[in-house]
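Asker: Take a look at this one; I'll ask things after.
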Amino acid sequence: MSLTRINLFNQTKQKFRYTTSLLFNIRHLATVTQDHNIKKRDVFNNSFMIDKNLYDIAIIGGGITGNALACALVNSQKTKSRRIALIEFNNMSNIREWKPPHLQFSNRVSSLTPRSIQFFKDIGVWENINHERIRPYKDIQVWDGISDARIRFNSDDISINKNAEAIAWIIENNNIQHAILTKLAQYKDSNIDFLENTSVKRIMFDDVNYENEQFDLSDWPSLELSNGKVLKTRLLIGADGINSVVRSFANIESLGWDYNARAVVATLQVEPQVENATAWQRFLPTGPIAMLPLNNRFSSMVWSTTPTLASKICTLPSNNFIHLVNAAFRLRIADLEYLYSQLENSDIEFAKEFEWRQSIEKKPGIGNEIFPPLVLDVQEKSRAEFPLKMRNAESYVKERIALIGDAAHTIHPLAGQGLNQGLADVQSLVKVIEHGVVTGQDLGNIQLLKNYSSDRYLSNLIMLGAVDKLHKLFGNDFAPIVFMRSLGLQVINNLEPVKSEIIKYAMGIE
Ligand SMILES: Cc1cc2nc3c(=O)[nH]c(=O)nc-3n(C[C@H](O)[C@H](O)[C@H](O)COP(=O)(O)OP(=O)(O)OC[C@H]3O[C@@H](n4cnc5c(N)ncnc54)[C@H](O)[C@@H]3O)c2cc1C
């Protein structure tokens, strides 16, 4: 074939694709403008595209970000008529029917910023949250385990947001998921197919199995599902977590490193408080330990530490575990290291060791040492460990593909930002898709999708970098560095405008 003929062929192919794309959009416009009494699905099926395995948007992953995205798209007047497939590996019925016992909390909780909360209010999810099981906090206490230098943030000190309701809210992940699924179930006539208990086995272009002789959809990704179905989608969204199959399929590299550390989580019963509404974090040389309030009698713990210590902490008898946690918030590093060395010694009584060491450490005259409530017990089976990694995809978009949440980036949990970043991705991508719909663009078009990545990439990268630097700075016990960082903490603690800017950033306030 001569060059001119190839060009002519390609041009005709492009035009043909453009026309099918236009027809597809016209069909959607028709769907939107139909009388509401006519079932949208009938209109859809009577349209030129009868094939029910074709979707405008396929979201892989029904974690919080994938489900929130589906919910936001269905909630939006501009995008609600798009045909969406949401594919999730797990069976979600447990979460849909979530009825937690009164005084038991899941060990997976998130600290959600006011920006994320506002987003959930905007898409109608917040009204379905079980509000008796969430805890706003207005106060954060962070201190250096070696020098005891402290910084305190209080939402009342934030210049732009006097008397802010809270810095953040601690919410069980199940509570969030339950609220999103409840909201999704309320959209009875939506164009969404929730395929749960289903995984994506393979993604491909130009598959021979897919038969649609009428139209050339060869540049639409095809998804081969575990139930044997093959779907085709105009836009494929990877919300499938750190080991994203969508990211692998798109050949997008994920850059970053493993911290060689693990986060141990647990639900703690603490000394009853009048108001348990402070988030506590102490930076130990092996990693930070945080205590986050759940209600006046319970808190959630996230303790980042070495893999060896993590597995010992997880298997320690409960009675020793609670004293080790109390020690980790209160004792000098040398005392703590002694306790670490005794974790496998069944003769040692951690309660006595802790009390004795604490009594000789009390420094009269130093009044600013306030500590989190004492831990009294740990909820059975609530201890679990998670590997810690830092990752950022080299790109968040490709032709017909976008990545959100942990599929795009994964961050150390010390600042409680991972899910908040994912929800900010969702908000941004929804705006871009809405714009695509309103302007009649092909939703998989890379030029359209680039608006999403240019909005989110840099801002995620800055947060990933900042948290990574914090982790490294506080993981160092070299004396001059400890001195400099402690000085820095004290200076910042007394500089209200700087503190204000830091906390506004952490709260997602632009
Ligand atoms: C200890 C710890 C504490 C944290 N604390 C906070 C916090 O306080 N605040 C905060 O903002 N963030 C926090 N994070 C981070 C937060 O938990 C994550 O960023 C967030 O859960 C990621 O959500 P996601 O939906 O993007 O991914 P995931 O939760 O990983 O969901 C991915 C989903 O995709 C599904 N899936 C994967 N592959 C397939 C496939 N092939 N086919 C079908 N389905 C598939 C999976 O089943 C899963 O449901 C914390 C993380 C850890 C580890």
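Chain labels follow the order of the structure tokens: the first chain is A, the next B, and so on; residue numbering restarts at 1 in every chain, and ligands are counted from 1 in their shown order.
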Need to verify the contact set: segment 373-377 of chain A, 7 Å, only C-alpha atoms, exclusion of same-chain residues closer than 2 positions in sequence. Can you return it as a tab-separated table (two decimals) with N, CA, C and O atoms, in the first residue's frame?
Answerer:
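Listing of result23.tsv after writing:
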chain	number	residue	atom	x	y	z
A	268	LEU	N	-7.88	0.59	71.11
A	268	LEU	CA	-7.50	0.64	72.52
A	268	LEU	C	-8.65	1.12	73.38
A	268	LEU	O	-9.35	2.07	73.01
A	269	GLN	N	-8.80	0.48	74.53
A	269	GLN	CA	-9.72	1.03	75.53
A	269	GLN	C	-8.88	1.89	76.45
A	269	GLN	O	-7.86	1.43	76.98
A	270	VAL	N	-9.27	3.16	76.60
A	270	VAL	CA	-8.43	4.08	77.37
A	270	VAL	C	-9.17	4.55	78.62
A	270	VAL	O	-10.38	4.38	78.74
A	271	GLU	N	-8.38	5.16	79.53
A	271	GLU	CA	-8.97	5.76	80.74
A	271	GLU	C	-10.08	6.70	80.32
A	271	GLU	O	-9.84	7.57	79.46
A	322	ILE	N	-0.49	-3.54	76.41
A	322	ILE	CA	-1.02	-2.22	76.82
A	322	ILE	C	0.04	-1.41	77.58
A	322	ILE	O	0.13	-0.20	77.42
A	326	ASN	N	1.69	2.25	76.60
A	326	ASN	CA	1.81	3.35	77.56
A	326	ASN	C	3.27	3.81	77.66
A	326	ASN	O	3.55	5.01	77.70
A	371	PHE	N	0.19	13.93	78.35
A	371	PHE	CA	0.25	12.68	77.61
A	371	PHE	C	-1.15	12.20	77.23
A	371	PHE	O	-2.14	12.63	77.83
A	379	GLN	N	-8.72	-4.12	72.31
A	379	GLN	CA	-9.85	-4.91	71.80
A	379	GLN	C	-9.32	-6.20	71.15
A	379	GLN	O	-8.35	-6.16	70.38
Asker: Using the chain letters and numbers from this document, which residues of segment 117-151 of chain A does DSSP assign to strand (DSSP E), as a list of chain:residue names?
Answerer: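 Filtering segment 117-151 of chain A down to strand (DSSP E) leaves A:Arg135, A:Pro136, A:Tyr137, A:Asp139, A:Ile140, A:Gln141, A:Val142, A:Trp143, A:Asp144, A:Arg150, A:Ile151.
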Asker: Counting only C-alpha atoms and all ligand atoms, figure out which residue out of A:Trp303, A:Trp257, A:Phe329, A:Tyr505 gets nearest to ligand 1.
Answerer: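 The answer is A:Trp303, which sits nearest to ligand 1.
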Asker: Determine the nearest neighbour of Ile503 of chain A from the options A:Leu336, A:Ile87, A:Ile134, A:Ala168, counting only C-alpha atoms.
Answerer: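 Using only C-alpha atoms, Ile503 of chain A sits closest to A:Ala168.
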Asker: Segment 117-124 of chain A: which residues within 12 Å, counting only C-alpha atoms, same-chain residues fewer than 6 positions away excluded, as a ChimeraX atom specification?
Answerer: /A:64-65,67-77,110-111,134,136,165-171,176-177,179-184,186-187,419-420,422-428,430,507-509
Asker: Keeping C-alpha atoms for every residue in the selection just given, could you write it to a file as a compact mmCIF listing (two decimals), in the first residue's frame?
Answerer:
# COMPACT_ATOMS: atom_id res chain seq x y z
CA ILE A 64 -13.40 3.97 49.25
CA THR A 65 -12.06 6.01 46.31
CA ASN A 67 -17.02 3.78 45.36
CA ALA A 68 -16.86 7.52 46.09
CA LEU A 69 -16.14 8.19 42.43
CA ALA A 70 -19.11 6.08 41.30
CA CYS A 71 -21.33 7.85 43.81
CA ALA A 72 -20.19 11.32 42.75
CA LEU A 73 -20.75 10.51 39.06
CA VAL A 74 -24.24 9.17 39.69
CA ASN A 75 -25.00 12.15 41.90
CA SER A 76 -23.98 14.71 39.29
CA GLN A 77 -26.70 15.97 36.93
CA SER A 110 -9.15 7.23 58.75
CA SER A 111 -8.57 10.79 59.77
CA ILE A 134 -17.17 9.33 64.59
CA PRO A 136 -13.96 15.21 65.49
CA GLU A 165 -15.52 22.77 63.79
CA ALA A 166 -12.53 20.38 63.83
CA ILE A 167 -9.10 19.80 62.37
CA ALA A 168 -10.24 16.37 61.20
CA TRP A 169 -12.63 13.52 61.97
CA ILE A 170 -11.71 9.97 62.92
CA ILE A 171 -14.05 7.58 61.14
CA ILE A 176 -17.53 5.44 55.21
CA GLN A 177 -18.00 2.47 52.88
CA ALA A 179 -22.53 5.27 53.89
CA ILE A 180 -21.38 5.33 50.24
CA LEU A 181 -23.02 1.99 49.43
CA THR A 182 -26.25 3.11 51.12
CA LYS A 183 -26.21 6.25 48.98
CA LEU A 184 -25.52 4.27 45.80
CA GLN A 186 -30.73 5.00 46.76
CA TYR A 187 -30.15 5.71 43.03
CA LEU A 419 -7.34 8.66 51.59
CA ASN A 420 -7.76 12.43 51.68
CA GLY A 422 -7.54 9.91 46.92
CA LEU A 423 -10.79 11.77 47.59
CA ALA A 424 -9.26 14.95 46.19
CA ASP A 425 -8.40 12.93 43.05
CA VAL A 426 -12.03 11.86 42.84
CA GLN A 427 -13.29 15.45 43.09
CA SER A 428 -10.89 16.58 40.40
CA VAL A 430 -15.42 14.21 38.39
CA MET A 507 -6.76 20.21 56.63
CA GLY A 508 -7.01 20.53 52.84
CA ILE A 509 -7.87 24.25 53.09
Asker: With segment 479-497 of chain A as the partner and 12 Å as the cut-off, tabulate the residues of segment 124-212 of chain A that qualify, each row holding the nearest pair of atoms and their distance in Å to one decimal, using only C-alpha atoms, sorted by chain and rising number, as a Markdown table.
Answerer:
| residue | atom | partner | partner_atom | distance |
| --- | --- | --- | --- | --- |
| A:Ile140 | CA | A:Asn493 | CA | 11.8 |
| A:Gln141 | CA | A:Asn493 | CA | 10.7 |
| A:Val142 | CA | A:Leu489 | CA | 9.2 |
| A:Trp143 | CA | A:Leu489 | CA | 8.4 |
| A:Asp144 | CA | A:Ser486 | CA | 7.1 |
| A:Gly145 | CA | A:Val482 | CA | 9.8 |
| A:Ile146 | CA | A:Val482 | CA | 7.5 |
| A:Ser147 | CA | A:Ser486 | CA | 6.6 |
| A:Asp148 | CA | A:Ser486 | CA | 7.9 |
| A:Ala149 | CA | A:Ser486 | CA | 5.2 |
| A:Arg150 | CA | A:Leu489 | CA | 6.2 |
| A:Ile151 | CA | A:Asn493 | CA | 5.0 |
| A:Arg152 | CA | A:Asn493 | CA | 6.6 |
| A:Phe153 | CA | A:Asn493 | CA | 8.2 |
| A:Asn154 | CA | A:Glu496 | CA | 10.4 |
| A:Ser155 | CA | A:Glu496 | CA | 11.6 |
| A:Asp156 | CA | A:Glu496 | CA | 11.2 |
| A:Asp157 | CA | A:Glu496 | CA | 7.4 |
| A:Ile158 | CA | A:Glu496 | CA | 8.1 |
| A:Ser159 | CA | A:Pro497 | CA | 7.5 |
| A:Ile160 | CA | A:Pro497 | CA | 10.1 |
